[in-house]
file input06.cif (mmCIF, C-alpha atoms)
data_run
#
loop_
_atom_site.label_atom_id
_atom_site.label_comp_id
_atom_site.auth_asym_id
_atom_site.auth_seq_id
_atom_site.Cartn_x
_atom_site.Cartn_y
_atom_site.Cartn_z
CA MET A 16 -4.95 -10.63 -2.99
CA ARG A 17 -6.82 -7.51 -1.96
CA ASP A 18 -7.39 -6.52 -5.62
CA VAL A 19 -9.19 -9.77 -6.49
CA LEU A 20 -10.80 -10.47 -3.12
CA ASP A 21 -14.41 -9.88 -4.18
CA GLU A 22 -14.14 -12.25 -7.14
CA LEU A 23 -12.33 -14.84 -5.06
CA LEU A 24 -14.94 -14.74 -2.31
CA SER A 25 -17.73 -15.26 -4.84
CA VAL A 26 -16.17 -18.59 -5.88
CA TRP A 27 -15.16 -19.53 -2.32
CA ARG A 28 -18.67 -19.02 -0.94
CA THR A 29 -20.22 -21.30 -3.58
CA GLY A 30 -17.78 -24.09 -2.76
CA GLY A 31 -15.79 -23.76 -5.98
CA THR A 32 -12.03 -23.78 -6.50
CA ALA A 33 -10.17 -20.89 -8.12
CA GLY A 34 -6.62 -20.69 -9.38
CA VAL A 35 -4.75 -17.86 -7.68
CA ALA A 36 -1.31 -16.73 -8.87
CA THR A 37 0.65 -14.22 -6.78
CA VAL A 38 3.87 -12.32 -7.39
CA VAL A 39 6.07 -13.32 -4.45
CA ARG A 40 9.48 -12.03 -5.55
CA THR A 41 10.83 -9.53 -8.08
CA ILE A 42 14.40 -9.16 -9.31
CA ARG A 43 15.55 -6.02 -11.12
CA SER A 44 12.83 -4.13 -12.96
CA ALA A 45 9.37 -5.67 -12.72
CA PRO A 46 5.94 -4.37 -13.74
CA ARG A 47 4.11 -5.45 -10.56
CA GLN A 48 5.21 -5.63 -6.93
CA PRO A 49 5.04 -8.63 -4.53
CA GLY A 50 1.45 -9.31 -3.62
CA ALA A 51 0.00 -8.57 -7.07
CA THR A 52 -2.47 -11.33 -7.88
CA MET A 53 -4.25 -12.95 -10.81
CA PHE A 54 -7.46 -14.88 -10.15
CA VAL A 55 -8.90 -17.50 -12.53
CA ALA A 56 -12.47 -18.61 -11.82
CA PRO A 57 -13.80 -22.09 -12.61
CA ASP A 58 -15.54 -20.67 -15.70
CA GLY A 59 -12.26 -19.18 -16.96
CA THR A 60 -13.01 -15.59 -15.93
CA VAL A 61 -9.87 -13.62 -15.05
CA ALA A 62 -9.35 -10.77 -12.60
CA GLY A 63 -6.17 -8.99 -11.58
CA SER A 64 -2.72 -9.02 -13.15
CA VAL A 65 0.79 -10.19 -12.28
CA SER A 66 2.85 -8.62 -15.06
CA GLY A 67 0.86 -5.98 -16.87
CA GLY A 68 0.56 -8.29 -19.87
CA CYS A 69 4.00 -9.86 -20.41
CA VAL A 70 3.33 -13.33 -19.02
CA GLU A 71 -0.40 -13.22 -18.31
CA ALA A 72 -1.24 -16.01 -20.77
CA ALA A 73 1.36 -18.36 -19.28
CA VAL A 74 0.25 -17.59 -15.72
CA TYR A 75 -3.37 -18.16 -16.73
CA GLU A 76 -2.42 -21.67 -17.89
CA LEU A 77 -0.42 -22.24 -14.70
CA ALA A 78 -3.41 -21.23 -12.54
CA ASN A 79 -5.62 -23.71 -14.38
CA GLU A 80 -2.99 -26.45 -14.03
CA VAL A 81 -2.73 -26.13 -10.24
CA VAL A 82 -6.50 -26.35 -9.92
CA ALA A 83 -6.52 -29.53 -12.02
CA SER A 84 -3.64 -31.12 -10.11
CA GLY A 85 -4.56 -29.83 -6.67
CA ARG A 86 -0.89 -28.96 -6.06
CA ALA A 87 0.59 -25.48 -5.65
CA GLU A 88 3.57 -24.51 -7.78
CA LEU A 89 6.33 -21.87 -7.69
CA GLN A 90 7.34 -20.66 -11.16
CA ARG A 91 9.97 -18.14 -12.29
CA TYR A 92 9.57 -15.93 -15.35
CA GLY A 93 12.60 -14.11 -16.70
CA VAL A 94 13.68 -12.18 -19.76
CA SER A 95 12.02 -13.15 -23.03
CA ASP A 96 14.22 -13.86 -26.07
CA ASP A 97 13.77 -13.12 -29.76
CA ASP A 98 11.46 -16.09 -30.25
CA ALA A 99 7.97 -14.68 -30.74
CA PHE A 100 6.52 -17.58 -28.75
CA ALA A 101 8.93 -17.29 -25.80
CA VAL A 102 7.40 -16.45 -22.44
CA GLY A 103 9.18 -13.78 -20.45
CA LEU A 104 9.40 -10.17 -19.35
CA THR A 105 10.39 -7.62 -21.95
CA CYS A 106 11.40 -5.20 -19.18
CA GLY A 107 14.49 -7.27 -18.35
CA GLY A 108 13.37 -8.28 -14.89
CA ILE A 109 12.49 -11.55 -13.19
CA ILE A 110 9.37 -12.44 -11.20
CA ASP A 111 8.54 -15.48 -9.11
CA ILE A 112 4.90 -16.53 -9.21
CA PHE A 113 3.28 -18.82 -6.65
CA ALA A 114 0.12 -20.43 -8.02
CA GLU A 115 -2.27 -22.37 -5.82
CA PRO A 116 -5.78 -23.81 -5.86
CA MET A 117 -7.95 -21.85 -3.46
CA SER A 118 -11.21 -23.05 -1.92
CA ARG A 119 -12.95 -23.49 1.41
CA ASP A 120 -10.83 -26.59 2.01
CA THR A 121 -7.45 -25.03 1.20
CA PHE A 122 -8.13 -21.59 2.71
CA PRO A 123 -10.85 -21.75 5.38
CA GLN A 124 -9.80 -18.40 6.88
CA LEU A 125 -10.48 -16.36 3.70
CA GLU A 126 -13.78 -14.82 4.78
CA ALA A 127 -12.34 -13.78 8.16
CA ILE A 128 -9.42 -12.13 6.36
CA ALA A 129 -11.85 -10.28 4.10
CA ASP A 130 -13.69 -9.02 7.20
CA ASP A 131 -10.41 -7.81 8.72
CA ILE A 132 -9.45 -5.98 5.53
CA ALA A 133 -12.88 -4.33 5.28
CA ALA A 134 -12.63 -3.21 8.92
CA HIS A 135 -9.04 -1.89 8.44
CA ARG A 136 -7.68 -4.45 10.90
CA PRO A 137 -4.05 -5.38 10.08
CA THR A 138 -3.60 -9.00 9.07
CA ALA A 139 -0.81 -10.96 7.39
CA VAL A 140 -0.96 -14.24 5.49
CA ALA A 141 2.24 -16.32 5.59
CA THR A 142 2.30 -19.11 2.98
CA VAL A 143 4.99 -21.75 2.45
CA ILE A 144 6.05 -21.48 -1.19
CA ALA A 145 9.06 -23.84 -1.08
CA HIS A 146 10.01 -26.68 1.27
CA PRO A 147 11.95 -29.99 1.06
CA ASP A 148 8.74 -31.71 2.17
CA ALA A 149 6.27 -31.07 -0.66
CA ARG A 150 3.37 -31.69 1.73
CA ARG A 151 4.15 -28.41 3.50
CA VAL A 152 4.00 -26.26 0.37
CA GLY A 153 0.83 -24.18 0.49
CA ARG A 154 0.40 -24.38 4.26
CA ARG A 155 -0.21 -21.02 5.84
CA LEU A 156 -0.52 -18.92 8.97
CA VAL A 157 -2.98 -16.06 9.30
CA ILE A 158 -1.46 -13.53 11.68
CA GLY A 159 -3.32 -10.69 13.32
CA GLN A 160 -2.04 -8.23 15.88
CA ARG A 161 -2.99 -10.64 18.67
CA ASP A 162 -4.24 -13.92 17.19
CA VAL A 163 -2.70 -16.57 14.93
CA ASP A 164 -4.66 -19.16 12.94
CA GLY A 165 -3.27 -22.17 11.10
CA SER A 166 0.12 -23.88 11.20
CA ILE A 167 3.13 -24.45 8.97
CA GLY A 168 3.68 -27.83 10.54
CA SER A 169 5.98 -27.15 13.50
CA ARG A 170 5.79 -24.95 16.57
CA ARG A 171 9.30 -23.65 15.99
CA ALA A 172 8.49 -22.53 12.47
CA ASP A 173 5.15 -21.06 13.50
CA ALA A 174 6.77 -18.95 16.24
CA ALA A 175 9.58 -17.64 14.01
CA ILE A 176 7.26 -16.78 11.14
CA THR A 177 4.74 -15.10 13.43
CA ASP A 178 7.39 -12.81 14.94
CA ASP A 179 8.80 -11.84 11.56
CA ALA A 180 5.40 -11.42 9.92
CA ARG A 181 4.24 -9.01 12.61
CA GLY A 182 7.29 -6.88 11.92
CA LEU A 183 6.49 -6.83 8.20
CA LEU A 184 2.86 -6.07 8.94
CA ALA A 185 3.82 -3.05 11.04
CA ALA A 186 5.89 -1.76 8.12
CA GLY A 187 3.22 -2.62 5.53
CA GLN A 188 5.66 -4.82 3.58
CA SER A 189 5.13 -8.08 1.68
CA THR A 190 8.17 -10.26 0.99
CA VAL A 191 9.70 -13.75 1.02
CA LEU A 192 11.36 -14.97 4.23
CA SER A 193 13.87 -17.85 4.32
CA TYR A 194 14.33 -20.40 7.11
CA GLY A 195 15.64 -23.86 7.66
CA PRO A 196 13.11 -26.67 7.08
CA ASP A 197 11.94 -26.47 10.70
CA GLY A 198 12.01 -22.67 10.97
CA GLN A 199 15.70 -22.33 11.84
CA ARG A 200 16.84 -18.76 11.40
CA GLN A 201 19.80 -17.97 9.14
CA GLU A 202 19.34 -21.28 7.35
CA THR A 203 17.71 -22.19 4.05
CA GLY A 204 15.35 -24.81 2.74
CA MET A 205 11.96 -23.27 3.48
CA GLU A 206 10.65 -20.10 1.84
CA VAL A 207 7.59 -18.31 3.16
CA PHE A 208 5.78 -15.48 1.40
CA VAL A 209 4.26 -12.98 3.83
CA ALA A 210 1.46 -10.88 2.33
CA SER A 211 0.81 -7.90 4.59
CA HIS A 212 -2.71 -6.54 4.47
CA ALA A 213 -2.22 -3.35 6.42
CA PRO A 214 -4.96 -0.69 6.45
CA PRO A 215 -4.72 1.63 3.46
CA PRO A 216 -2.48 4.68 3.95
CA ARG A 217 -4.17 7.88 5.00
CA MET A 218 -4.38 11.20 3.19
CA VAL A 219 -5.49 13.97 5.54
CA ILE A 220 -6.54 17.17 3.76
CA PHE A 221 -7.03 20.34 5.75
CA GLY A 222 -9.17 23.04 4.15
CA ALA A 223 -12.65 22.44 2.71
CA ILE A 224 -12.08 24.17 -0.64
CA ASP A 225 -12.57 23.15 -4.28
CA PHE A 226 -8.94 22.06 -4.56
CA ALA A 227 -9.54 19.73 -1.60
CA SER A 228 -12.47 18.10 -3.38
CA ALA A 229 -10.32 17.36 -6.43
CA LEU A 230 -7.45 16.09 -4.26
CA ALA A 231 -9.82 13.84 -2.27
CA ARG A 232 -10.89 12.15 -5.51
CA GLN A 233 -7.27 11.76 -6.58
CA GLY A 234 -6.25 10.34 -3.19
CA ALA A 235 -9.10 7.82 -3.26
CA PHE A 236 -8.08 6.78 -6.79
CA LEU A 237 -4.55 6.06 -5.49
CA GLY A 238 -5.88 3.88 -2.67
CA TYR A 239 -5.65 6.33 0.24
CA ARG A 240 -8.24 6.53 2.98
CA VAL A 241 -9.06 10.22 2.66
CA THR A 242 -10.11 12.58 5.45
CA VAL A 243 -11.09 16.21 4.85
CA CYS A 244 -10.96 18.41 7.94
CA ASP A 245 -12.03 22.04 8.39
CA ALA A 246 -13.18 24.07 11.37
CA ARG A 247 -16.04 25.66 9.38
CA PRO A 248 -19.15 23.43 9.39
CA VAL A 249 -20.81 25.33 6.54
CA PHE A 250 -18.02 24.18 4.19
CA ALA A 251 -17.04 20.82 5.69
CA THR A 252 -19.97 18.69 4.54
CA PRO A 253 -19.97 15.17 3.05
CA ALA A 254 -22.03 16.41 0.09
CA ARG A 255 -19.17 18.69 -0.99
CA PHE A 256 -16.56 15.92 -0.75
CA PRO A 257 -18.00 12.69 -2.17
CA GLY A 258 -14.47 11.38 -2.80
CA ALA A 259 -13.54 11.47 0.90
CA ASP A 260 -14.03 8.59 3.30
CA GLU A 261 -14.82 11.02 6.09
CA VAL A 262 -15.36 14.76 6.54
CA VAL A 263 -14.50 16.15 9.98
CA VAL A 264 -15.47 19.47 11.50
CA ALA A 265 -12.67 20.38 13.90
CA TRP A 266 -9.75 22.75 14.36
CA PRO A 267 -7.02 21.24 12.17
CA ASP A 268 -4.20 21.31 14.73
CA ARG A 269 -6.35 19.75 17.45
CA TYR A 270 -7.65 17.05 15.14
CA LEU A 271 -4.17 16.13 13.91
CA ALA A 272 -2.78 16.02 17.45
CA GLU A 273 -5.64 13.74 18.53
CA GLN A 274 -5.08 11.43 15.56
CA ALA A 275 -1.36 11.23 16.27
CA GLU A 276 -2.01 10.47 19.92
CA ALA A 277 -4.40 7.69 18.87
CA GLY A 278 -1.71 6.13 16.64
CA ALA A 279 -3.64 6.90 13.45
CA ILE A 280 -0.75 8.75 11.75
CA ASP A 281 2.23 6.79 10.42
CA SER A 282 5.06 6.88 7.91
CA ARG A 283 2.66 6.30 5.01
CA THR A 284 0.40 9.23 5.89
CA ALA A 285 0.19 12.22 3.52
CA ILE A 286 -0.83 15.52 5.14
CA CYS A 287 -1.97 18.23 2.72
CA VAL A 288 -2.74 21.69 4.08
CA LEU A 289 -4.83 23.77 1.65
CA THR A 290 -6.41 26.34 3.99
CA HIS A 291 -4.62 29.51 2.77
CA ASP A 292 -5.14 30.99 6.24
CA ALA A 293 -2.30 31.43 8.74
CA LYS A 294 -4.57 30.94 11.75
CA PHE A 295 -5.32 27.44 10.49
CA ASP A 296 -2.26 26.30 8.58
CA VAL A 297 0.54 27.50 10.88
CA PRO A 298 -0.77 25.66 13.99
CA VAL A 299 -1.47 22.42 12.07
CA LEU A 300 1.98 22.56 10.44
CA GLN A 301 3.55 22.97 13.88
CA VAL A 302 1.95 19.66 14.85
CA ALA A 303 2.63 17.88 11.54
CA LEU A 304 6.30 18.81 11.21
CA CYS A 305 7.07 17.73 14.77
CA LEU A 306 5.63 14.25 14.29
CA PRO A 307 8.47 11.72 13.97
CA GLU A 308 6.77 9.55 11.35
CA VAL A 309 4.85 11.22 8.54
CA GLY A 310 5.38 10.32 4.92
CA TYR A 311 4.53 13.71 3.41
CA VAL A 312 3.62 17.20 4.59
CA GLY A 313 2.69 19.79 1.95
CA VAL A 314 1.03 23.19 2.10
CA MET A 315 -0.56 25.32 -0.60
CA GLY A 316 0.28 28.98 -1.13
CA SER A 317 2.16 31.53 -3.21
CA ARG A 318 5.90 32.18 -2.91
CA ARG A 319 5.15 35.25 -0.77
CA THR A 320 2.80 33.24 1.44
CA HIS A 321 5.48 30.56 1.75
CA GLU A 322 8.09 33.03 3.03
CA ASP A 323 5.66 34.52 5.55
CA ARG A 324 4.63 31.05 6.71
CA ILE A 325 8.23 29.92 7.17
CA ASP A 326 8.96 33.03 9.27
CA ARG A 327 5.95 32.30 11.48
CA LEU A 328 6.99 28.67 11.92
CA ARG A 329 10.53 29.71 12.87
CA GLU A 330 9.10 32.13 15.42
CA ALA A 331 7.06 29.24 16.79
CA GLY A 332 10.30 27.34 17.45
CA LEU A 333 10.53 24.87 14.57
CA THR A 334 14.05 23.84 13.59
CA GLU A 335 15.53 23.98 10.10
CA ALA A 336 15.48 20.19 9.95
CA GLU A 337 11.75 20.19 10.67
CA LEU A 338 11.11 22.97 8.14
CA ASN A 339 13.04 21.05 5.48
CA ARG A 340 10.43 18.29 5.66
CA LEU A 341 7.81 20.70 4.33
CA SER A 342 6.79 20.67 0.66
CA SER A 343 5.88 24.30 0.01
CA PRO A 344 4.47 25.37 -2.35
CA ILE A 345 2.77 22.01 -2.58
CA GLY A 346 3.01 19.76 -5.65
CA LEU A 347 5.29 19.23 -8.64
CA ASP A 348 5.75 21.81 -11.39
CA LEU A 349 3.32 20.54 -14.01
CA GLY A 350 2.00 23.97 -15.00
CA ALA A 351 -1.29 23.02 -13.31
CA ARG A 352 -4.09 25.60 -13.25
CA THR A 353 -7.40 23.90 -12.47
CA PRO A 354 -8.21 22.17 -9.17
CA GLU A 355 -8.06 18.80 -10.95
CA GLU A 356 -4.66 19.53 -12.50
CA THR A 357 -3.37 20.80 -9.18
CA ALA A 358 -4.59 17.62 -7.49
CA VAL A 359 -2.58 15.58 -10.00
CA SER A 360 0.55 17.66 -9.27
CA ILE A 361 0.13 17.12 -5.52
CA ALA A 362 -0.50 13.40 -5.94
CA ALA A 363 2.58 13.16 -8.17
CA GLU A 364 4.74 14.69 -5.45
CA VAL A 365 3.27 12.38 -2.82
CA ILE A 366 4.13 9.38 -5.00
CA ALA A 367 7.66 10.69 -5.65
CA ARG A 368 8.28 11.18 -1.93
CA ARG A 369 6.93 7.74 -1.08
CA TRP A 370 9.07 5.84 -3.58
CA GLY A 371 12.11 8.10 -3.95
CA GLY A 372 11.34 9.43 -7.43
CA GLY A 373 12.94 12.63 -8.66
CA GLY A 374 9.90 14.04 -10.41
CA LEU A 375 11.76 14.38 -13.72
CA PRO A 376 10.57 13.13 -17.12
CA LEU A 377 11.77 9.55 -17.51
CA THR A 378 13.29 10.50 -20.85
CA ASP A 379 15.71 12.77 -18.93
CA THR A 380 16.82 10.05 -16.51
CA GLY A 381 18.79 6.83 -16.68
CA GLY A 382 18.93 3.60 -14.67
CA ARG A 383 15.96 1.78 -13.18
CA ILE A 384 12.45 3.05 -13.76
CA HIS A 385 11.00 1.50 -10.60
CA HIS A 386 12.29 2.72 -7.24
CA ASP A 387 12.39 0.59 -4.09
CA GLY A 388 11.61 3.58 -1.86
#
call {"tool": "encode", "arguments": {"input": "input06.cif", "output": "C-alpha cells"}}
result
Amino acid sequence: MRDVLDELLSVWRTGGTAGVATVVRTIRSAPRQPGATMFVAPDGTVAGSVSGGCVEAAVYELANEVVASGRAELQRYGVSDDDAFAVGLTCGGIIDIFAEPMSRDTFPQLEAIADDIAAHRPTAVATVIAHPDARRVGRRLVIGQRDVDGSIGSRRADAAITDDARGLLAAGQSTVLSYGPDGQRQETGMEVFVASHAPPPRMVIFGAIDFASALARQGAFLGYRVTVCDARPVFATPARFPGADEVVVAWPDRYLAEQAEAGAIDSRTAICVLTHDAKFDVPVLQVALCLPEVGYVGVMGSRRTHEDRIDRLREAGLTEAELNRLSSPIGLDLGARTPEETAVSIAAEVIARRWGGGGLPLTDTGGRIHHDG
C-alpha cells in the first residue's frame, strides 16, 4: 500500500471510494512480492502494479467490480495457457490478489497509518481475506508497537492476530496467517493478510567523498533511508549530498556505536565504509563487525589496502568469523570505474546479500530467478 498511498489518500480525503488490489500470497516464481498494490481511482486512473503487466487488465476489472458491489474478493491468478485471451502469469507462478473497496467508511484509520509511515513509526495492517462468515471478510486491525485499533470480530482472534502481527512487524515481513474461525491457532478457516509497514531500511555511508554522493543517490533509489557520516565538517555538508536523508558530522565509530545503542541498526541495515583512511575505517569496522544484526558491511579499498586493514582488525581482536562478514573490496565485479558505476556495483552486492543472490549473470544460472532471502 505504501507505493500508492498518496493517490489513495487523495480519493479518501474527498470522500470517494477506490478499488485497491493487493498481492497477499505468491507461489513459485512471481513478479511482485506480497504487499504490492494496484489502486484504481473513481475516474479510472491507475497507480501501482501487482504483476508487472501479466494480469493487470484483469485485476483492474476486479478492482472496479468490488467498488460496484461493495464486497471484497480474493482471487487467484495462475499460469496462462496458449489461448491469447487467457489471463495468467507467463512466469509459471501463482499469485493471490485481495481486492477491496476503500473509503473513509471501510478504512477510517488510513490517514493515521499514513502519518505513522511518514514518521517512520512501525505499523501493521491485518485484514481478513477469507472467513466462513462473509461478513468478516475485509475487517481489519491496525497494530502499532503499543496500540491496536479496530477488530476482527472476536477478542480471541484480535489477541492472536495482534501477537503474531507484532512479530512480523519486527521482522519487516508481510504474509498470510491462518487461524480457526474464532482465532484458534493451528486450525484453518480464517486467513488474515498482515501488511507490515516497517520504517525503510537504513544505508549508513561513512566517508564524505564523491563515491559516497553517488552511492547515496543509489541507496535512495532503492528505498533506503540514507545517512552520510564524516568527521570533517568541511566535506560533510547537505549541499554535497542531496541524495541523503541526513548528513552527520561525527567520528564514524562513535556515531555507529550510538546508533546501535539506540536500536537504530538492524538486520536490514547496510553499512558502507568509503573513507580510505585507517584512522577512520578500522575503528568503525571494529564496531560494525561486532554488531550481532547487520545486513551488510562493506569497505572500499585496493587489494593491498584490504590486506593491511585485515591485519589491523586482527590485531584489534576481531575473530575470523567476524572478519568473514566483511565485503572487501566493496561491491560486485562489474568493471566499474566512475563513482556512479561503482555505486551500482555496491548496490548490486547489497541486494545480493539481502536476498541470497549469487551475483552471477542469470544466463549462467538455473532454477528460480527470485530468491526468498
call {"tool": "atom_distance", "arguments": {"input": "input06.cif", "atom1": "atom CA of A:Thr52", "atom2": "atom CA of A:Ser166"}}
result
23.0 Å
call {"tool": "closest_residue", "arguments": {"input": "input06.cif", "among": "A:Ser193, A:Thr41, A:Thr203, A:Gln124", "to": "A:Asp111", "atoms": "only C-alpha atoms"}}
result
A:Thr41
call {"tool": "atom_distance", "arguments": {"input": "input06.cif", "atom1": "atom CA of A:Phe122", "atom2": "atom CA of A:Leu24"}}
result
10.9 Å
call {"tool": "atom_distance", "arguments": {"input": "input06.cif", "atom1": "atom CA of A:Ala114", "atom2": "atom CA of A:Val55"}}
result
10.5 Å
call {"tool": "resolve_selection", "arguments": {"input": "input06.cif", "expression": "the PyMOL selection byres ((chain A and resi 327) around 12)", "output": "list in words"}}
result
Ala293, Lys294, Asp296, Val297, Pro298, Leu300, Gln301, Thr320, His321, Glu322, Asp323, Arg324, Ile325, Asp326, Leu328, Arg329, Glu330, Ala331, Gly332, Leu333, Thr334 and Leu338 of chain A
call {"tool": "resolve_selection", "arguments": {"input": "input06.cif", "expression": "the PyMOL selection byres ((chain A and resi 355) around 8)", "output": "list of chain:residue names"}}
result
A:Phe226, A:Ala229, A:Leu230, A:Thr353, A:Pro354, A:Glu356, A:Thr357, A:Ala358, A:Val359
call {"tool": "closest_residue", "arguments": {"input": "input06.cif", "among": "A:Arg151, A:Arg136, A:Arg28, A:Arg161", "to": "A:Pro214", "atoms": "only C-alpha atoms"}}
result
A:Arg136
call {"tool": "residues_around", "arguments": {"input": "input06.cif", "residues": "A:Arg240", "least_positions_apart": "2", "cutoff": "9 Å", "atoms": "only C-alpha atoms", "output": "PyMOL selection string"}}
result
chain A and resi 214-219+234-235+238+242+259-261
call {"tool": "write_last_selection", "arguments": {"input": "input06.cif", "atoms": "C-alpha atoms", "output": "CSV table (one decimal), in the frame of the given file"}}
result
chain,number,residue,atom,x,y,z
A,214,PRO,CA,-5.0,-0.7,6.4
A,215,PRO,CA,-4.7,1.6,3.5
A,216,PRO,CA,-2.5,4.7,4.0
A,217,ARG,CA,-4.2,7.9,5.0
A,218,MET,CA,-4.4,11.2,3.2
A,219,VAL,CA,-5.5,14.0,5.5
A,234,GLY,CA,-6.2,10.3,-3.2
A,235,ALA,CA,-9.1,7.8,-3.3
A,238,GLY,CA,-5.9,3.9,-2.7
A,242,THR,CA,-10.1,12.6,5.4
A,259,ALA,CA,-13.5,11.5,0.9
A,260,ASP,CA,-14.0,8.6,3.3
A,261,GLU,CA,-14.8,11.0,6.1
call {"tool": "closest_residue", "arguments": {"input": "input06.cif", "among": "A:Gly316, A:Gly30, A:Gly50, A:Gly222", "to": "A:Phe250", "atoms": "all atoms listed in the file"}}
result
A:Gly222
call {"tool": "resolve_selection", "arguments": {"input": "input06.cif", "expression": "the PyMOL selection byres ((chain A and resi 146) around 10)", "output": "ChimeraX atom specification"}}
result
/A:143-145,147-153,194-197,203-207
call {"tool": "closest_residue", "arguments": {"input": "input06.cif", "among": "A:Met16, A:Met117, A:Leu341, A:Ala51", "to": "A:Ala78", "atoms": "all atoms listed in the file"}}
result
A:Met117
call {"tool": "closest_residue", "arguments": {"input": "input06.cif", "among": "A:Ala367, A:Cys305, A:Ala351, A:Gly108", "to": "A:Asn339", "atoms": "only C-alpha atoms"}}
result
A:Cys305
call {"tool": "residues_around", "arguments": {"input": "input06.cif", "residues": "A:Ile366", "least_positions_apart": "3", "cutoff": "12 Å", "atoms": "all atoms listed in the file", "output": "list in words"}}
result
Met218, Gln233, Gly234, Leu237, Gly238, Tyr239, Arg283, Thr284, Ala285, Gly310, Tyr311, Gly346, Leu347, Val359, Ser360, Ile361, Ala362, Ala363, Arg369, Trp370, Gly371, Gly372, Gly373, Gly374, His385, His386 and Gly388 of chain A
call {"tool": "closest_residue", "arguments": {"input": "input06.cif", "among": "A:Glu80, A:Ile109, A:Thr380, A:Arg43", "to": "A:Ser66", "atoms": "only C-alpha atoms"}}
result
A:Ile109
call {"tool": "residues_around", "arguments": {"input": "input06.cif", "residues": "stretch 181-186 of chain A", "least_positions_apart": "4", "cutoff": "8 Å", "atoms": "all atoms listed in the file", "output": "MDAnalysis selection string"}}
result
chainID A and resid 137:139 158:160 177 209 211:213
call {"tool": "residues_near_point", "arguments": {"input": "input06.cif", "point": "(-5.7, -11.5, -5.3)", "cutoff": "10 Å", "atoms": "only C-alpha atoms", "output": "NGL selection string"}}
result
:A and (16-23 or 35-38 or 50-55 or 62-65)
call {"tool": "axis_aligned_box", "arguments": {"input": "input06.cif", "around": "stretch 336-351 of chain A", "padding_each_side": "3 Å", "output": "AutoDock Vina command-line options"}}
result
--center_x 7.1 --center_y 21.8 --center_z -2.2 --size_x 22.8 --size_y 13.1 --size_z 31.7
